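Student: Below you'll find target_14.pdb; it's PDB, C-alpha atoms and all ligand atoms.
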```
ATOM      1  CA  MET B 938     -31.012 -34.753 -42.673
ATOM      2  CA  THR B 939     -29.059 -32.236 -44.763
ATOM      3  CA  GLY B 940     -29.897 -29.565 -47.308
ATOM      4  CA  LYS B 941     -31.213 -26.054 -47.078
ATOM      5  CA  LYS B 942     -33.905 -25.648 -44.484
ATOM      6  CA  ARG B 943     -36.248 -22.743 -43.877
ATOM      7  CA  ASP B 944     -37.502 -21.605 -40.458
ATOM      8  CA  MET B 945     -40.307 -19.295 -39.375
ATOM      9  CA  ILE B 946     -39.048 -17.647 -36.201
ATOM     10  CA  SER B 947     -40.435 -14.219 -37.088
ATOM     11  CA  ILE B 948     -43.399 -13.460 -39.332
ATOM     12  CA  LEU B 949     -40.805 -11.582 -41.409
ATOM     13  CA  ASP B 950     -39.184 -14.915 -42.288
ATOM     14  CA  VAL B 951     -42.156 -15.529 -44.591
ATOM     15  CA  GLN B 952     -42.761 -11.942 -45.645
ATOM     16  CA  GLU B 953     -42.111 -12.655 -49.339
ATOM     17  CA  ASP B 954     -44.628 -15.532 -49.278
ATOM     18  CA  LEU B 955     -47.172 -14.200 -46.828
ATOM     19  CA  LEU B 956     -49.924 -13.417 -49.334
ATOM     20  CA  GLU B 957     -49.265 -16.719 -51.104
ATOM     21  CA  ILE B 958     -49.564 -18.568 -47.764
ATOM     22  CA  LEU B 959     -52.922 -16.869 -47.160
ATOM     23  CA  ASP B 960     -54.127 -17.862 -50.647
ATOM     24  CA  LEU B 961     -52.970 -21.443 -50.143
ATOM     25  CA  ALA B 962     -54.673 -21.521 -46.739
ATOM     26  CA  GLU B 963     -57.947 -20.442 -48.358
ATOM     27  CA  GLU B 964     -57.557 -23.188 -50.938
ATOM     28  CA  LEU B 965     -56.811 -25.798 -48.262
ATOM     29  CA  LYS B 966     -59.746 -24.535 -46.200
ATOM     30  CA  SER B 967     -62.208 -24.923 -49.045
ATOM     31  CA  GLY B 968     -60.874 -28.398 -49.938
ATOM     32  CA  ARG B 969     -60.335 -29.500 -46.369
ATOM     33  CA  TYR B 970     -61.747 -32.965 -46.856
ATOM     34  CA  ASP B 971     -60.638 -33.619 -50.428
ATOM     35  CA  GLY B 972     -58.052 -36.197 -49.338
ATOM     36  CA  ARG B 973     -54.901 -34.465 -50.645
ATOM     37  CA  MET B 974     -51.950 -35.623 -48.553
ATOM     38  CA  PRO B 975     -48.861 -33.649 -49.590
ATOM     39  CA  LEU B 976     -47.000 -34.346 -46.324
ATOM     40  CA  GLN B 977     -47.435 -38.119 -46.402
ATOM     41  CA  GLY B 978     -44.923 -39.724 -44.052
ATOM     42  CA  LYS B 979     -43.592 -36.408 -42.674
ATOM     43  CA  ILE B 980     -43.215 -36.009 -38.946
ATOM     44  CA  LEU B 981     -43.382 -32.817 -36.892
ATOM     45  CA  ALA B 982     -42.029 -32.685 -33.330
ATOM     46  CA  MET B 983     -43.895 -30.188 -31.142
ATOM     47  CA  ILE B 984     -42.097 -28.927 -28.027
ATOM     48  CA  PHE B 985     -44.241 -27.115 -25.477
ATOM     49  CA  GLU B 986     -42.696 -25.249 -22.566
ATOM     50  CA  LYS B 987     -46.108 -23.661 -21.845
ATOM     51  CA  SER B 988     -49.795 -24.569 -22.105
ATOM     52  CA  SER B 989     -51.692 -24.542 -25.373
ATOM     53  CA  THR B 990     -55.093 -25.482 -26.744
ATOM     54  CA  ARG B 991     -55.233 -23.975 -30.249
ATOM     55  CA  THR B 992     -51.592 -24.361 -31.240
ATOM     56  CA  ARG B 993     -51.311 -27.913 -29.998
ATOM     57  CA  VAL B 994     -54.522 -29.174 -31.579
ATOM     58  CA  SER B 995     -54.329 -27.221 -34.846
ATOM     59  CA  PHE B 996     -50.762 -28.365 -35.574
ATOM     60  CA  GLU B 997     -51.588 -31.989 -34.759
ATOM     61  CA  VAL B 998     -54.800 -32.004 -36.798
ATOM     62  CA  GLY B 999     -53.047 -30.095 -39.600
ATOM     63  CA  MET B1000     -50.256 -32.668 -39.872
ATOM     64  CA  LEU B1001     -52.779 -35.518 -39.872
ATOM     65  CA  GLU B1002     -54.910 -33.871 -42.548
ATOM     66  CA  LEU B1003     -51.829 -33.421 -44.745
ATOM     67  CA  GLY B1004     -50.919 -37.084 -44.369
ATOM     68  CA  GLY B1005     -48.204 -36.631 -41.757
ATOM     69  CA  HIS B1006     -47.881 -37.117 -38.028
ATOM     70  CA  ALA B1007     -47.144 -34.872 -35.039
ATOM     71  CA  LEU B1008     -45.400 -35.758 -31.775
ATOM     72  CA  ASN B1009     -46.393 -33.791 -28.710
ATOM     73  CA  LEU B1010     -43.377 -33.313 -26.442
ATOM     74  CA  SER B1011     -43.801 -31.513 -23.145
ATOM     75  CA  MET B1012     -40.955 -30.303 -20.969
ATOM     76  CA  LYS B1013     -41.995 -32.850 -18.353
ATOM     77  CA  GLU B1014     -41.196 -35.709 -20.713
ATOM     78  CA  LEU B1015     -38.135 -34.323 -22.452
ATOM     79  CA  GLN B1016     -34.609 -34.397 -21.042
ATOM     80  CA  LEU B1017     -34.641 -30.686 -21.988
ATOM     81  CA  GLY B1018     -36.734 -30.229 -18.843
ATOM     82  CA  ARG B1019     -33.936 -31.847 -16.823
ATOM     83  CA  GLY B1020     -31.129 -29.730 -18.213
ATOM     84  CA  GLU B1021     -30.170 -31.233 -21.573
ATOM     85  CA  THR B1022     -29.240 -28.310 -23.799
ATOM     86  CA  VAL B1023     -31.594 -26.982 -26.414
ATOM     87  CA  ALA B1024     -28.754 -27.322 -28.943
ATOM     88  CA  ASP B1025     -28.362 -31.038 -28.270
ATOM     89  CA  THR B1026     -32.142 -31.470 -28.337
ATOM     90  CA  ALA B1027     -32.242 -29.772 -31.754
ATOM     91  CA  LYS B1028     -29.464 -31.989 -33.130
ATOM     92  CA  VAL B1029     -31.075 -35.189 -31.850
ATOM     93  CA  LEU B1030     -34.610 -34.369 -33.008
ATOM     94  CA  SER B1031     -33.266 -33.409 -36.448
ATOM     95  CA  ARG B1032     -32.130 -37.033 -36.885
ATOM     96  CA  TYR B1033     -35.704 -38.289 -36.399
ATOM     97  CA  VAL B1034     -38.209 -35.742 -37.660
ATOM     98  CA  ASP B1035     -38.863 -33.453 -40.643
ATOM     99  CA  GLY B1036     -39.705 -30.293 -38.698
ATOM    100  CA  ILE B1037     -39.826 -28.892 -35.175
ATOM    101  CA  MET B1038     -42.506 -26.628 -33.747
ATOM    102  CA  TYR B1039     -41.429 -24.906 -30.530
ATOM    103  CA  ARG B1040     -43.358 -22.876 -27.912
ATOM    104  CA  ALA B1041     -40.741 -21.312 -25.663
ATOM    105  CA  TYR B1042     -40.420 -18.839 -22.854
ATOM    106  CA  GLN B1043     -37.308 -17.202 -24.254
ATOM    107  CA  HIS B1044     -36.583 -16.016 -27.751
ATOM    108  CA  THR B1045     -32.888 -16.828 -27.210
ATOM    109  CA  MET B1046     -33.819 -20.497 -26.737
ATOM    110  CA  MET B1047     -35.888 -20.356 -29.938
ATOM    111  CA  LEU B1048     -32.893 -18.985 -31.858
ATOM    112  CA  GLU B1049     -30.580 -21.586 -30.370
ATOM    113  CA  LEU B1050     -32.928 -24.388 -31.366
ATOM    114  CA  ALA B1051     -33.206 -23.021 -34.918
ATOM    115  CA  GLN B1052     -29.436 -22.577 -35.236
ATOM    116  CA  ASN B1053     -28.771 -26.159 -34.208
ATOM    117  CA  ALA B1054     -31.624 -27.936 -35.984
ATOM    118  CA  THR B1055     -31.061 -29.139 -39.526
ATOM    119  CA  VAL B1056     -34.825 -29.305 -40.136
ATOM    120  CA  PRO B1057     -37.254 -26.336 -40.336
ATOM    121  CA  VAL B1058     -38.195 -24.747 -37.003
ATOM    122  CA  ILE B1059     -41.526 -22.979 -36.452
ATOM    123  CA  ASN B1060     -41.977 -20.462 -33.644
ATOM    124  CA  ALA B1061     -45.253 -21.353 -31.932
ATOM    125  CA  LEU B1062     -44.885 -18.388 -29.520
ATOM    126  CA  ASP B1063     -42.038 -17.001 -27.495
ATOM    127  CA  ASP B1064     -41.592 -13.783 -25.538
ATOM    128  CA  VAL B1065     -41.003 -11.748 -28.701
ATOM    129  CA  GLU B1066     -43.349 -13.063 -31.393
ATOM    130  CA  HIS B1067     -46.318 -15.286 -32.186
ATOM    131  CA  PRO B1068     -46.128 -15.487 -35.993
ATOM    132  CA  CYS B1069     -48.524 -18.457 -36.382
ATOM    133  CA  GLN B1070     -51.232 -16.354 -34.772
ATOM    134  CA  THR B1071     -50.602 -13.483 -37.184
ATOM    135  CA  MET B1072     -51.066 -15.658 -40.264
ATOM    136  CA  ALA B1073     -54.474 -16.747 -38.951
ATOM    137  CA  ASP B1074     -55.423 -13.182 -38.028
ATOM    138  CA  LEU B1075     -54.561 -11.806 -41.458
ATOM    139  CA  LEU B1076     -56.564 -14.555 -43.169
ATOM    140  CA  THR B1077     -59.533 -13.781 -40.905
ATOM    141  CA  ILE B1078     -59.396 -10.065 -41.711
ATOM    142  CA  LYS B1079     -59.105 -10.859 -45.418
ATOM    143  CA  GLU B1080     -62.145 -13.160 -45.268
ATOM    144  CA  HIS B1081     -64.261 -10.494 -43.578
ATOM    145  CA  LYS B1082     -62.919  -7.311 -45.168
ATOM    146  CA  GLY B1083     -61.286  -8.251 -48.476
ATOM    147  CA  ASP B1084     -57.923  -6.875 -49.620
ATOM    148  CA  LEU B1085     -55.706  -6.170 -46.632
ATOM    149  CA  ALA B1086     -53.821  -3.206 -48.080
ATOM    150  CA  GLY B1087     -55.210   0.077 -46.786
ATOM    151  CA  LEU B1088     -57.344  -1.435 -44.000
ATOM    152  CA  ARG B1089     -57.046   0.102 -40.525
ATOM    153  CA  LEU B1090     -56.212  -2.392 -37.780
ATOM    154  CA  ALA B1091     -56.265  -1.162 -34.176
ATOM    155  CA  TYR B1092     -54.595  -3.157 -31.400
ATOM    156  CA  LEU B1093     -55.471  -2.251 -27.802
ATOM    157  CA  GLY B1094     -53.590  -3.355 -24.707
ATOM    158  CA  ASP B1095     -50.236  -5.010 -24.096
ATOM    159  CA  GLY B1096     -47.532  -4.530 -26.735
ATOM    160  CA  ASN B1097     -46.589  -8.191 -26.380
ATOM    161  CA  ASN B1098     -45.569 -11.115 -28.609
ATOM    162  CA  VAL B1099     -48.959 -11.178 -30.381
ATOM    163  CA  CYS B1100     -48.816  -7.415 -30.945
ATOM    164  CA  ASN B1101     -45.233  -7.523 -32.286
ATOM    165  CA  SER B1102     -46.012 -10.150 -34.921
ATOM    166  CA  LEU B1103     -49.341  -8.574 -35.868
ATOM    167  CA  MET B1104     -47.664  -5.180 -36.349
ATOM    168  CA  LEU B1105     -44.999  -6.711 -38.624
ATOM    169  CA  GLY B1106     -47.561  -8.750 -40.559
ATOM    170  CA  ALA B1107     -49.785  -5.706 -41.015
ATOM    171  CA  ALA B1108     -46.799  -3.744 -42.329
ATOM    172  CA  VAL B1109     -45.960  -6.471 -44.850
ATOM    173  CA  CYS B1110     -49.573  -6.389 -46.090
ATOM    174  CA  GLY B1111     -49.682  -2.584 -46.486
ATOM    175  CA  MET B1112     -52.192  -2.047 -43.689
ATOM    176  CA  ASN B1113     -52.550   0.966 -41.414
ATOM    177  CA  PHE B1114     -51.769  -0.427 -37.985
ATOM    178  CA  VAL B1115     -52.212   1.521 -34.782
ATOM    179  CA  ALA B1116     -51.491   0.163 -31.326
ATOM    180  CA  ALA B1117     -52.779   1.863 -28.188
ATOM    181  CA  CYS B1118     -50.702   0.831 -25.182
ATOM    182  CA  PRO B1119     -50.058   2.264 -21.730
ATOM    183  CA  LYS B1120     -46.654   3.901 -21.283
ATOM    184  CA  GLY B1121     -43.995   1.246 -20.747
ATOM    185  CA  TYR B1122     -46.061  -1.497 -22.430
ATOM    186  CA  GLU B1123     -45.520  -0.575 -26.086
ATOM    187  CA  PRO B1124     -44.407  -3.153 -28.666
ATOM    188  CA  SER B1125     -40.657  -3.732 -29.157
ATOM    189  CA  VAL B1126     -38.934  -0.508 -30.252
ATOM    190  CA  GLU B1127     -36.683  -2.397 -32.652
ATOM    191  CA  LEU B1128     -39.609  -4.239 -34.292
ATOM    192  CA  THR B1129     -41.661  -1.041 -34.455
ATOM    193  CA  LYS B1130     -38.860   0.623 -36.426
ATOM    194  CA  LYS B1131     -38.640  -2.409 -38.711
ATOM    195  CA  ALA B1132     -42.410  -2.389 -39.227
ATOM    196  CA  GLN B1133     -42.401   1.341 -39.965
ATOM    197  CA  SER B1134     -39.730   0.977 -42.602
ATOM    198  CA  ILE B1135     -41.610  -1.918 -44.277
ATOM    199  CA  ALA B1136     -44.917  -0.007 -44.057
ATOM    200  CA  LYS B1137     -43.371   2.978 -45.813
ATOM    201  CA  LYS B1138     -42.470   0.836 -48.822
ATOM    202  CA  LYS B1139     -45.908  -0.814 -48.840
ATOM    203  CA  LYS B1140     -47.807   2.487 -48.531
ATOM    204  CA  GLY B1141     -49.192   1.537 -45.138
ATOM    205  CA  SER B1142     -48.441   2.990 -41.708
ATOM    206  CA  ILE B1143     -47.528   1.980 -38.170
ATOM    207  CA  GLN B1144     -48.453   4.159 -35.233
ATOM    208  CA  ILE B1145     -48.127   3.689 -31.490
ATOM    209  CA  VAL B1146     -50.416   5.849 -29.325
ATOM    210  CA  GLU B1147     -51.624   5.908 -25.736
ATOM    211  CA  ASP B1148     -55.301   6.743 -26.216
ATOM    212  CA  PRO B1149     -57.423   3.624 -26.993
ATOM    213  CA  LEU B1150     -60.275   5.610 -28.559
ATOM    214  CA  LYS B1151     -57.860   7.441 -30.835
ATOM    215  CA  ALA B1152     -56.556   4.073 -32.046
ATOM    216  CA  ALA B1153     -60.020   2.577 -32.515
ATOM    217  CA  LYS B1154     -61.334   5.594 -34.448
ATOM    218  CA  GLY B1155     -62.395   4.502 -37.933
ATOM    219  CA  ALA B1156     -60.825   1.045 -37.563
ATOM    220  CA  ASP B1157     -61.888  -1.872 -39.768
ATOM    221  CA  ALA B1158     -60.723  -4.322 -37.104
ATOM    222  CA  VAL B1159     -60.103  -3.912 -33.377
ATOM    223  CA  TYR B1160     -57.825  -6.474 -31.729
ATOM    224  CA  THR B1161     -56.761  -7.341 -28.208
ATOM    225  CA  ASP B1162     -54.876 -10.042 -26.309
ATOM    226  CA  VAL B1163     -54.616 -11.003 -22.647
ATOM    227  CA  TRP B1164     -53.103  -8.459 -20.259
ATOM    228  CA  VAL B1165     -51.187 -11.151 -18.382
ATOM    229  CA  SER B1166     -49.191 -13.394 -20.697
ATOM    230  CA  MET B1167     -47.953 -16.827 -19.683
ATOM    231  CA  GLY B1168     -45.120 -16.361 -17.215
ATOM    232  CA  GLN B1169     -46.311 -12.913 -16.017
ATOM    233  CA  GLU B1170     -48.771 -14.223 -13.409
ATOM    234  CA  ALA B1171     -46.950 -12.451 -10.561
ATOM    235  CA  GLU B1172     -47.757  -9.063 -12.168
ATOM    236  CA  ALA B1173     -51.454  -9.876 -12.664
ATOM    237  CA  LYS B1174     -52.971  -7.401 -10.185
ATOM    238  CA  GLU B1175     -50.892  -4.450 -11.355
ATOM    239  CA  ARG B1176     -51.427  -5.246 -15.011
ATOM    240  CA  GLU B1177     -55.205  -5.520 -14.600
ATOM    241  CA  ARG B1178     -55.251  -2.026 -13.098
ATOM    242  CA  ILE B1179     -53.023  -0.526 -15.789
ATOM    243  CA  PHE B1180     -54.803  -2.125 -18.744
ATOM    244  CA  MET B1181     -58.449  -1.665 -17.685
ATOM    245  CA  PRO B1182     -58.854   1.526 -19.800
ATOM    246  CA  TYR B1183     -57.790  -0.536 -22.848
ATOM    247  CA  GLN B1184     -60.710  -2.972 -22.729
ATOM    248  CA  ILE B1185     -62.527  -3.567 -26.015
ATOM    249  CA  ASN B1186     -66.067  -2.598 -25.137
ATOM    250  CA  ARG B1187     -69.103  -0.873 -26.613
ATOM    251  CA  GLU B1188     -67.502   2.553 -26.450
ATOM    252  CA  VAL B1189     -64.412   1.346 -28.320
ATOM    253  CA  MET B1190     -66.488  -0.417 -30.984
ATOM    254  CA  ARG B1191     -68.579   2.741 -31.429
ATOM    255  CA  ALA B1192     -65.385   4.638 -32.263
ATOM    256  CA  ALA B1193     -64.480   2.049 -34.905
ATOM    257  CA  LYS B1194     -66.262   1.661 -38.257
ATOM    258  CA  LYS B1195     -69.868   0.533 -37.950
ATOM    259  CA  ASP B1196     -69.053  -2.842 -39.514
ATOM    260  CA  ALA B1197     -65.714  -3.301 -37.729
ATOM    261  CA  ILE B1198     -64.742  -6.762 -36.538
ATOM    262  CA  ALA B1199     -63.593  -7.506 -32.980
ATOM    263  CA  MET B1200     -60.596  -9.826 -32.652
ATOM    264  CA  HIS B1201     -58.807 -11.773 -29.920
ATOM    265  CA  CYS B1202     -56.226 -14.551 -30.308
ATOM    266  CA  LEU B1203     -57.709 -16.446 -27.308
ATOM    267  CA  PRO B1204     -57.700 -17.622 -24.581
ATOM    268  CA  ALA B1205     -59.799 -14.632 -23.440
ATOM    269  CA  HIS B1206     -60.982 -13.236 -20.137
ATOM    270  CA  ARG B1207     -64.472 -11.848 -20.612
ATOM    271  CA  ASP B1208     -65.030  -8.398 -19.085
ATOM    272  CA  MET B1209     -61.301  -7.941 -18.671
ATOM    273  CA  GLU B1210     -59.525  -7.254 -21.992
ATOM    274  CA  ILE B1211     -62.780  -7.715 -23.934
ATOM    275  CA  ALA B1212     -66.347  -7.101 -22.782
ATOM    276  CA  ALA B1213     -68.427 -10.280 -22.831
ATOM    277  CA  GLU B1214     -71.078  -8.611 -25.003
ATOM    278  CA  ILE B1215     -68.459  -7.851 -27.678
ATOM    279  CA  MET B1216     -66.710 -11.213 -27.474
ATOM    280  CA  ASP B1217     -70.048 -13.019 -27.836
ATOM    281  CA  GLY B1218     -71.669 -10.407 -30.068
ATOM    282  CA  PRO B1219     -72.170 -10.157 -33.840
ATOM    283  CA  GLN B1220     -68.936  -8.266 -34.545
ATOM    284  CA  SER B1221     -66.744 -10.937 -32.960
ATOM    285  CA  VAL B1222     -64.645 -13.131 -35.273
ATOM    286  CA  VAL B1223     -62.579 -14.793 -32.535
ATOM    287  CA  PHE B1224     -63.567 -18.346 -33.428
ATOM    288  CA  ASP B1225     -62.803 -17.748 -37.107
ATOM    289  CA  GLN B1226     -59.334 -16.709 -35.977
ATOM    290  CA  ALA B1227     -59.023 -19.916 -33.976
ATOM    291  CA  GLU B1228     -60.158 -22.035 -36.932
ATOM    292  CA  ASN B1229     -57.814 -20.232 -39.297
ATOM    293  CA  ARG B1230     -54.835 -21.289 -37.181
ATOM    294  CA  LEU B1231     -55.397 -24.734 -38.710
ATOM    295  CA  HIS B1232     -55.603 -23.621 -42.339
ATOM    296  CA  THR B1233     -52.736 -21.124 -42.302
ATOM    297  CA  GLN B1234     -50.434 -23.518 -40.443
ATOM    298  CA  LYS B1235     -51.252 -26.248 -42.960
ATOM    299  CA  ALA B1236     -50.207 -23.847 -45.728
ATOM    300  CA  LEU B1237     -47.012 -23.043 -43.824
ATOM    301  CA  LEU B1238     -46.226 -26.722 -43.179
ATOM    302  CA  TYR B1239     -46.790 -27.455 -46.849
ATOM    303  CA  LYS B1240     -44.307 -24.688 -47.762
ATOM    304  CA  LEU B1241     -41.627 -25.591 -45.220
ATOM    305  CA  LEU B1242     -41.873 -29.387 -45.114
ATOM    306  CA  GLY B1243     -43.267 -30.199 -48.547
ATOM    307  CA  ASP B1244     -40.959 -31.641 -51.226
TER     308      ASP B1244
HETATM  309  N1  LIG F   1     -53.828 -18.320 -29.482
HETATM  310  C1  LIG F   1     -53.063 -19.354 -29.051
HETATM  311  O1  LIG F   1     -51.882 -19.485 -29.380
HETATM  312  O2  LIG F   1     -53.724 -20.239 -28.255
HETATM  313  P1  LIG F   1     -53.094 -21.454 -27.422
HETATM  314  O3  LIG F   1     -52.235 -20.857 -26.329
HETATM  315  O4  LIG F   1     -54.266 -22.204 -26.905
HETATM  316  O5  LIG F   1     -52.256 -22.285 -28.340
HETATM  317  N1  LIG F   2     -49.644 -13.107 -25.162
HETATM  318  C1  LIG F   2     -50.168 -14.387 -24.767
HETATM  319  C2  LIG F   2     -50.677 -15.128 -25.955
HETATM  320  C3  LIG F   2     -51.325 -16.439 -25.665
HETATM  321  C4  LIG F   2     -51.747 -17.183 -26.899
HETATM  322  C5  LIG F   2     -49.100 -15.174 -24.014
HETATM  323  O1  LIG F   2     -47.919 -15.095 -24.397
HETATM  324  O2  LIG F   2     -49.429 -15.848 -23.054
END
```
Mind turning this structure into structure tokens?
Ligand code: CP
Ligand code: NVA
Tutor:
Amino acid sequence: MTGKKRDMISILDVQEDLLEILDLAEELKSGRYDGRMPLQGKILAMIFEKSSTRTRVSFEVGMLELGGHALNLSMKELQLGRGETVADTAKVLSRYVDGIMYRAYQHTMMLELAQNATVPVINALDDVEHPCQTMADLLTIKEHKGDLAGLRLAYLGDGNNVCNSLMLGAAVCGMNFVAACPKGYEPSVELTKKAQSIAKKKKGSIQIVEDPLKAAKGADAVYTDVWVSMGQEAEAKERERIFMPYQINREVMRAAKKDAIAMHCLPAHRDMEIAAEIMDGPQSVVFDQAENRLHTQKALLYKLLGD
């Protein structure tokens, strides 16, 4: 396949269209069963180096609902798992399919796949970003709080892939984003600078602090992710000790606005990064976030793979 292709490796790759993607996702969500099939005959290859529930199922269902098809390819089945290069894998898959979704350990592998594929590549999580999650999160906030610009979004915990993309997405949407992270666990310095420069133009702000209550104060939404990301299992004990003060609990939610929403990208560990009573309580929107993975990814697929 030839022609100009468009990837989404970072949430910034769709920054010009982000609000449009959210609008389209809302439209697709409300007409979910209206039978429109704009991706009829299109095929998406999905490569998973790590586990997944939401990403795997939402992409597969999304492709089916748009009239296309998705192939689930695990490392166990692919020659990639036996040492074939990611570049060769990209070139071969590009001869068969219309797009590639990739969940990788390393960002460098993601870039190499994108550079060598002649079809659009979607980052479904690597060690730097998780842009698909951010699209769903922004739609969820918009559904519950209205216009994103000016809203205060507090992120508590590990400055990881989810945090990096959320910070960039919040900047693009003119939000006031504040992350509270322990020293040494802040989001990427380079991406923080990028986000701050975007936020300045959009009249929003990006702040990194250490105190979780300071971050949560007056927030419209309070967000967390796991303390131990996939691949960090060996550090679990130490991380649990370091991150315990960053748990989203009653005290944190009391510091936020009275009607604040509590967010988590899932999978979650109750009474670790989020107290069970918050996760299962009335302020929680975690399952809306999970559902919105489907609708926002459908909008993205429509944009990248549609004719
Ligand atoms: N939030 C998320 O990406 O979930 P999965 O790991 O289940 O895909
Ligand atoms: N930060 C987590 C997100 C899981 C969806 C991880 O990388 O494992």
Student: When you count only C-alpha atoms, which of these residues is closest to Phe996 of chain B: B:Ile1198, B:Leu1237, B:Ile1143, B:Val1223?
Tutor: B:Leu1237
Student: At a cut-off of 12 Å, using all atoms listed in the file, what residues contact Leu1241 of chain B? Leave out same-chain residues fewer than 5 positions from it and give the result as a PDB file with C-alpha atoms, keeping the file's coordinate frame.
Tutor:
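part-v4.pdb, freshly written:
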```
ATOM      1  CA  LYS B 941     -31.213 -26.054 -47.078  1.00  0.00           C
ATOM      2  CA  LYS B 942     -33.905 -25.648 -44.484  1.00  0.00           C
ATOM      3  CA  ARG B 943     -36.248 -22.743 -43.877  1.00  0.00           C
ATOM      4  CA  ASP B 944     -37.502 -21.605 -40.458  1.00  0.00           C
ATOM      5  CA  MET B 945     -40.307 -19.295 -39.375  1.00  0.00           C
ATOM      6  CA  ASP B 950     -39.184 -14.915 -42.288  1.00  0.00           C
ATOM      7  CA  VAL B 951     -42.156 -15.529 -44.591  1.00  0.00           C
ATOM      8  CA  ASP B 954     -44.628 -15.532 -49.278  1.00  0.00           C
ATOM      9  CA  ILE B 958     -49.564 -18.568 -47.764  1.00  0.00           C
ATOM     10  CA  PRO B 975     -48.861 -33.649 -49.590  1.00  0.00           C
ATOM     11  CA  LEU B 976     -47.000 -34.346 -46.324  1.00  0.00           C
ATOM     12  CA  LYS B 979     -43.592 -36.408 -42.674  1.00  0.00           C
ATOM     13  CA  LEU B 981     -43.382 -32.817 -36.892  1.00  0.00           C
ATOM     14  CA  ASP B1035     -38.863 -33.453 -40.643  1.00  0.00           C
ATOM     15  CA  GLY B1036     -39.705 -30.293 -38.698  1.00  0.00           C
ATOM     16  CA  ILE B1037     -39.826 -28.892 -35.175  1.00  0.00           C
ATOM     17  CA  MET B1038     -42.506 -26.628 -33.747  1.00  0.00           C
ATOM     18  CA  VAL B1056     -34.825 -29.305 -40.136  1.00  0.00           C
ATOM     19  CA  PRO B1057     -37.254 -26.336 -40.336  1.00  0.00           C
ATOM     20  CA  VAL B1058     -38.195 -24.747 -37.003  1.00  0.00           C
ATOM     21  CA  ILE B1059     -41.526 -22.979 -36.452  1.00  0.00           C
ATOM     22  CA  GLN B1234     -50.434 -23.518 -40.443  1.00  0.00           C
ATOM     23  CA  LYS B1235     -51.252 -26.248 -42.960  1.00  0.00           C
ATOM     24  CA  ALA B1236     -50.207 -23.847 -45.728  1.00  0.00           C
TER      25      ALA B1236
END
```
Student: At a cut-off of 12 Å from (-25.8, -27.2, -26.3) in the coordinates of the file, what residues are picked up using all atoms listed in the file, written as a CSV table (one decimal) with C-alpha atoms, in the coordinates of the input?
Tutor:
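Below you can see part_23.csv, which holds the result:
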```csv
chain,number,residue,atom,x,y,z
B,1017,LEU,CA,-34.6,-30.7,-22.0
B,1020,GLY,CA,-31.1,-29.7,-18.2
B,1021,GLU,CA,-30.2,-31.2,-21.6
B,1022,THR,CA,-29.2,-28.3,-23.8
B,1023,VAL,CA,-31.6,-27.0,-26.4
B,1024,ALA,CA,-28.8,-27.3,-28.9
B,1025,ASP,CA,-28.4,-31.0,-28.3
B,1026,THR,CA,-32.1,-31.5,-28.3
B,1027,ALA,CA,-32.2,-29.8,-31.8
B,1028,LYS,CA,-29.5,-32.0,-33.1
B,1029,VAL,CA,-31.1,-35.2,-31.8
B,1046,MET,CA,-33.8,-20.5,-26.7
B,1049,GLU,CA,-30.6,-21.6,-30.4
B,1050,LEU,CA,-32.9,-24.4,-31.4
B,1052,GLN,CA,-29.4,-22.6,-35.2
B,1053,ASN,CA,-28.8,-26.2,-34.2
B,1054,ALA,CA,-31.6,-27.9,-36.0
```
Student: Since I can't run it myself right now, could you work out what the PyMOL selection byres (((not hetatm)) within 9 of (chain F and resi 1)) selects here and report it as a list of chain:residue names?
Tutor: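 Written out, the selection comes to B:Lys987, B:Ser988, B:Ser989, B:Thr990, B:Arg991, B:Thr992, B:Arg993, B:Val994, B:Ser995, B:Arg1040, B:Ala1061, B:Leu1062, B:His1067, B:Cys1069, B:Gln1070, B:Val1099, B:Asp1162, B:Met1167, B:His1201, B:Cys1202, B:Leu1203, B:Pro1204, B:Gln1226, B:Ala1227, B:Arg1230.
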Student: Which one of B:Ile948, B:Val1165, B:Val1109, B:Ile980 sits closest to Leu1238 of chain B if you count all atoms listed in the file?
Tutor: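 Ranked by minimum distance to Leu1238 of chain B, first place goes to B:Ile980.
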Student: Decode the PyMOL selection byres (((chain B and resi 1139) around 8) and not hetatm) for the given file into explicit residues and return them as a VMD selection string.
Tutor: chain B and resid 1108 to 1111 1135 to 1138 1140 to 1141
Student: Using all atoms listed in the file, pick whichever of B:Leu1001, B:Val1034, B:Leu1242, B:Val1065 has the shortest atom-to-atom distance to ligand LIG 2 (chain F).
Tutor: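 Ranking B:Leu1001, B:Val1034, B:Leu1242, B:Val1065 by distance to ligand LIG 2 (chain F), first place goes to B:Val1065.
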Student: Could you list the residues chosen by the PyMOL selection byres (((chain B and resi 963) around 10) and not hetatm) in this structure as a PyMOL selection string?
Tutor: chain B and resi 957-962+964-969+1076+1080+1229+1232-1233+1236
Student: Can you work out which one of B:Ile1145, B:Ala982, B:Met1209, B:Ala1073 has the shortest atom-to-atom distance to Phe1180 of chain B, counting all atoms listed in the file?
Tutor: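 Under the stated criterion, the closest residue is B:Met1209.
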Student: Quick one, how far is atom CA of Glu1228 of chain B from atom CA of Val998 of chain B?
Tutor: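 Separation between atom CA of Glu1228 of chain B and atom CA of Val998 of chain B: 11.3 Å.
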Student: Which residue gives the smallest distance to ligand LIG 2 (chain F) among B:Ser1011, B:Asn1097, B:Thr1077, B:Ser1031, with only C-alpha atoms and all ligand atoms counted?
Tutor: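 That would be B:Asn1097, the residue with the smallest distance to ligand LIG 2 (chain F).
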Student: Residues at most 10 Å from Asp1148 of chain B, counting only C-alpha atoms, excluding those fewer than 4 positions away in the same chain, as JSON, numbers by chain?
Tutor: {"B": [1093, 1116, 1117, 1118, 1119, 1152, 1153, 1182, 1183]}
